[in-house]
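The block underneath contains the structure these notes are about, expressed in structure tokens.
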Amino acid sequence: MESEEQWSSDQRGVLVESVKAGSWAELGSLSDGDLILEVDGRPTDNVDALRRELERTAASKAKVVVMKVLRGIHTSYLELEPNWKN
């Protein structure tokens, strides 16, 4: 995937198109334009892989979800604290 962020043409991940205002994702600092590379250390090369990892996380009701994201040229680790009561 090549983009305005100057990622290489073979960069893999899932591009975040939008983040809902006030959501746990926003509170965890996930932003539009981020490229999600991993969830809890497991690669997310495509949407199906991301879906599987998020389903696994929901099934285990993890207290914290760690996402490795590429934001422009910077790699970050974001800790999200889901609310499983809703």
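Within each chain, counting starts at residue 1; across the structure tokens, chains are named A, B, ... in the order shown, with ligands numbered 1 upward in that order.
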Quick one: residues within 12 Å of Arg12 in chain A, only C-alpha atoms counted, chain neighbours fewer than 4 positions away excluded, as an mmCIF file with N, CA, C and O atoms, in the first residue's frame?
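Here's the written file out_20.cif:
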data_model
loop_
_atom_site.group_PDB
_atom_site.id
_atom_site.type_symbol
_atom_site.label_atom_id
_atom_site.label_comp_id
_atom_site.auth_asym_id
_atom_site.auth_seq_id
_atom_site.Cartn_x
_atom_site.Cartn_y
_atom_site.Cartn_z
ATOM 1 N N MET A 1 0.840 -1.166 0.000
ATOM 2 C CA MET A 1 0.000 0.000 0.000
ATOM 3 C C MET A 1 0.885 1.229 0.000
ATOM 4 O O MET A 1 1.706 1.418 0.860
ATOM 5 N N GLU A 2 0.709 2.047 -0.971
ATOM 6 C CA GLU A 2 1.469 3.281 -1.038
ATOM 7 C C GLU A 2 0.511 4.418 -0.764
ATOM 8 O O GLU A 2 -0.627 4.408 -1.226
ATOM 9 N N SER A 3 0.910 5.379 0.003
ATOM 10 C CA SER A 3 0.005 6.464 0.345
ATOM 11 C C SER A 3 0.771 7.752 0.519
ATOM 12 O O SER A 3 1.980 7.806 0.385
ATOM 13 N N TRP A 7 4.538 5.442 2.814
ATOM 14 C CA TRP A 7 4.802 4.055 3.163
ATOM 15 C C TRP A 7 5.275 3.334 1.922
ATOM 16 O O TRP A 7 4.916 3.679 0.798
ATOM 17 N N SER A 8 6.061 2.285 2.095
ATOM 18 C CA SER A 8 6.549 1.512 0.963
ATOM 19 C C SER A 8 5.387 0.788 0.288
ATOM 20 O O SER A 8 4.339 0.548 0.902
ATOM 21 N N LEU A 35 -2.392 3.155 10.377
ATOM 22 C CA LEU A 35 -2.319 1.835 9.764
ATOM 23 C C LEU A 35 -2.090 0.834 10.886
ATOM 24 O O LEU A 35 -1.052 0.860 11.550
ATOM 25 N N ILE A 36 -3.082 -0.032 11.137
ATOM 26 C CA ILE A 36 -2.969 -1.019 12.214
ATOM 27 C C ILE A 36 -2.130 -2.187 11.714
ATOM 28 O O ILE A 36 -2.466 -2.828 10.719
ATOM 29 N N LEU A 37 -1.014 -2.432 12.402
ATOM 30 C CA LEU A 37 -0.079 -3.484 12.008
ATOM 31 C C LEU A 37 -0.267 -4.757 12.827
ATOM 32 O O LEU A 37 -0.079 -5.859 12.312
ATOM 33 N N GLU A 38 -0.622 -4.605 14.112
ATOM 34 C CA GLU A 38 -0.754 -5.753 15.012
ATOM 35 C C GLU A 38 -1.806 -5.458 16.071
ATOM 36 O O GLU A 38 -2.021 -4.296 16.432
ATOM 37 N N PRO A 43 -0.058 -10.155 13.874
ATOM 38 C CA PRO A 43 -0.135 -9.321 12.672
ATOM 39 C C PRO A 43 -1.556 -9.175 12.140
ATOM 40 O O PRO A 43 -2.358 -10.106 12.212
ATOM 41 N N THR A 44 -1.847 -7.993 11.624
ATOM 42 C CA THR A 44 -3.134 -7.725 10.977
ATOM 43 C C THR A 44 -2.838 -7.203 9.575
ATOM 44 O O THR A 44 -2.870 -6.009 9.328
ATOM 45 N N ASP A 45 -2.537 -8.134 8.689
ATOM 46 C CA ASP A 45 -2.164 -7.772 7.327
ATOM 47 C C ASP A 45 -3.337 -7.344 6.468
ATOM 48 O O ASP A 45 -3.153 -6.750 5.416
ATOM 49 N N ASN A 46 -4.558 -7.670 6.911
ATOM 50 C CA ASN A 46 -5.742 -7.325 6.119
ATOM 51 C C ASN A 46 -6.948 -7.241 7.057
ATOM 52 O O ASN A 46 -6.850 -7.545 8.245
ATOM 53 N N VAL A 47 -8.089 -6.840 6.516
ATOM 54 C CA VAL A 47 -9.293 -6.646 7.324
ATOM 55 C C VAL A 47 -9.741 -7.948 7.985
ATOM 56 O O VAL A 47 -10.154 -7.953 9.146
ATOM 57 N N ALA A 49 -7.908 -10.479 8.978
ATOM 58 C CA ALA A 49 -7.013 -10.766 10.103
ATOM 59 C C ALA A 49 -7.337 -9.855 11.284
ATOM 60 O O ALA A 49 -7.353 -10.310 12.437
ATOM 61 N N LEU A 50 -7.628 -8.587 11.017
ATOM 62 C CA LEU A 50 -8.003 -7.672 12.088
ATOM 63 C C LEU A 50 -9.299 -8.128 12.745
ATOM 64 O O LEU A 50 -9.414 -8.164 13.970
ATOM 65 N N VAL A 69 0.541 0.547 15.640
ATOM 66 C CA VAL A 69 0.076 1.314 14.491
ATOM 67 C C VAL A 69 1.219 2.120 13.883
ATOM 68 O O VAL A 69 2.166 2.506 14.562
ATOM 69 N N LEU A 70 1.079 2.344 12.604
ATOM 70 C CA LEU A 70 1.997 3.209 11.878
ATOM 71 C C LEU A 70 1.237 4.490 11.590
ATOM 72 O O LEU A 70 0.142 4.468 11.012
#
* Neighbours of Val65 in chain A within 8 Å (only C-alpha atoms; same-chain residues fewer than 3 positions away dropped), as a list in words? -> Val39, Asp40, Thr57, Ala62, Glu79, Leu80, Glu81 and Pro82 of chain A
* To do: Go through A:Gly72, A:Ala25, A:Asp10, A:Asn83 one by one, measure the shortest atom-to-atom distance of each to Ala58 in chain A using only C-alpha atoms, and give the residue with the smallest value.
  => A:Asn83
* Between A:Tyr77, A:Leu54, A:Asp32, A:Lys68, which has the minimum distance to Lys20 in chain A (counting only C-alpha atoms)? -> A:Asp32
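The space between CA of Glu26 in chain A and CA of Arg56 in chain A spans 20.8 Å.
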* Residues of range 23-56 of chain A in strand (DSSP E or B) according to DSSP, as a PyMOL selection string? -> chain A and resi 35-39+42-43
* So which bits of chain A end up alpha helix (DSSP H) when you DSSP the backbone, as a ChimeraX atom specification? -> /A:24-27,47-60
Do you know which residues are at most 12 Å from Val19 in chain A counting only C-alpha atoms, after dropping those on the same chain fewer than 4 positions away, and could you put them as an mmCIF file with N, CA and C atoms, in the first residue's frame?
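Everything below was put into out_37.cif:
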data_model
loop_
_atom_site.group_PDB
_atom_site.id
_atom_site.type_symbol
_atom_site.label_atom_id
_atom_site.label_comp_id
_atom_site.auth_asym_id
_atom_site.auth_seq_id
_atom_site.Cartn_x
_atom_site.Cartn_y
_atom_site.Cartn_z
ATOM 1 N N LEU A 15 -5.875 0.127 7.176
ATOM 2 C CA LEU A 15 -5.980 1.577 7.263
ATOM 3 C C LEU A 15 -7.263 1.968 7.993
ATOM 4 N N SER A 23 -15.418 7.402 21.291
ATOM 5 C CA SER A 23 -15.290 5.943 21.397
ATOM 6 C C SER A 23 -14.035 5.569 22.182
ATOM 7 N N TRP A 24 -13.985 4.280 22.586
ATOM 8 C CA TRP A 24 -12.793 3.789 23.279
ATOM 9 C C TRP A 24 -11.577 3.860 22.369
ATOM 10 N N ALA A 25 -11.782 3.687 21.080
ATOM 11 C CA ALA A 25 -10.665 3.794 20.130
ATOM 12 C C ALA A 25 -10.099 5.213 20.147
ATOM 13 N N GLU A 26 -10.986 6.207 20.136
ATOM 14 C CA GLU A 26 -10.512 7.595 20.178
ATOM 15 C C GLU A 26 -9.820 7.893 21.508
ATOM 16 N N LEU A 27 -10.410 7.415 22.596
ATOM 17 C CA LEU A 27 -9.793 7.636 23.898
ATOM 18 C C LEU A 27 -8.420 6.971 23.996
ATOM 19 N N GLY A 28 -8.235 5.878 23.247
ATOM 20 C CA GLY A 28 -6.945 5.193 23.208
ATOM 21 C C GLY A 28 -5.982 5.795 22.202
ATOM 22 N N SER A 29 -6.364 6.902 21.572
ATOM 23 C CA SER A 29 -5.538 7.673 20.631
ATOM 24 C C SER A 29 -5.466 7.096 19.229
ATOM 25 N N LEU A 30 -6.353 6.163 18.869
ATOM 26 C CA LEU A 30 -6.411 5.700 17.488
ATOM 27 C C LEU A 30 -6.967 6.843 16.643
ATOM 28 N N SER A 31 -6.382 7.065 15.469
ATOM 29 C CA SER A 31 -6.769 8.208 14.641
ATOM 30 C C SER A 31 -7.043 7.801 13.205
ATOM 31 N N ASP A 32 -7.837 8.621 12.529
ATOM 32 C CA ASP A 32 -8.033 8.449 11.097
ATOM 33 C C ASP A 32 -6.668 8.460 10.419
ATOM 34 N N GLY A 33 -6.468 7.554 9.482
ATOM 35 C CA GLY A 33 -5.202 7.509 8.752
ATOM 36 C C GLY A 33 -4.151 6.609 9.370
ATOM 37 N N ASP A 34 -4.399 6.104 10.591
ATOM 38 C CA ASP A 34 -3.463 5.151 11.194
ATOM 39 C C ASP A 34 -3.504 3.843 10.408
#
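Using only C-alpha atoms, the shortest contact distance between Arg51 in chain A and any of A:Ala21, A:Val14, A:Val66, A:Leu78 is found at A:Val14.
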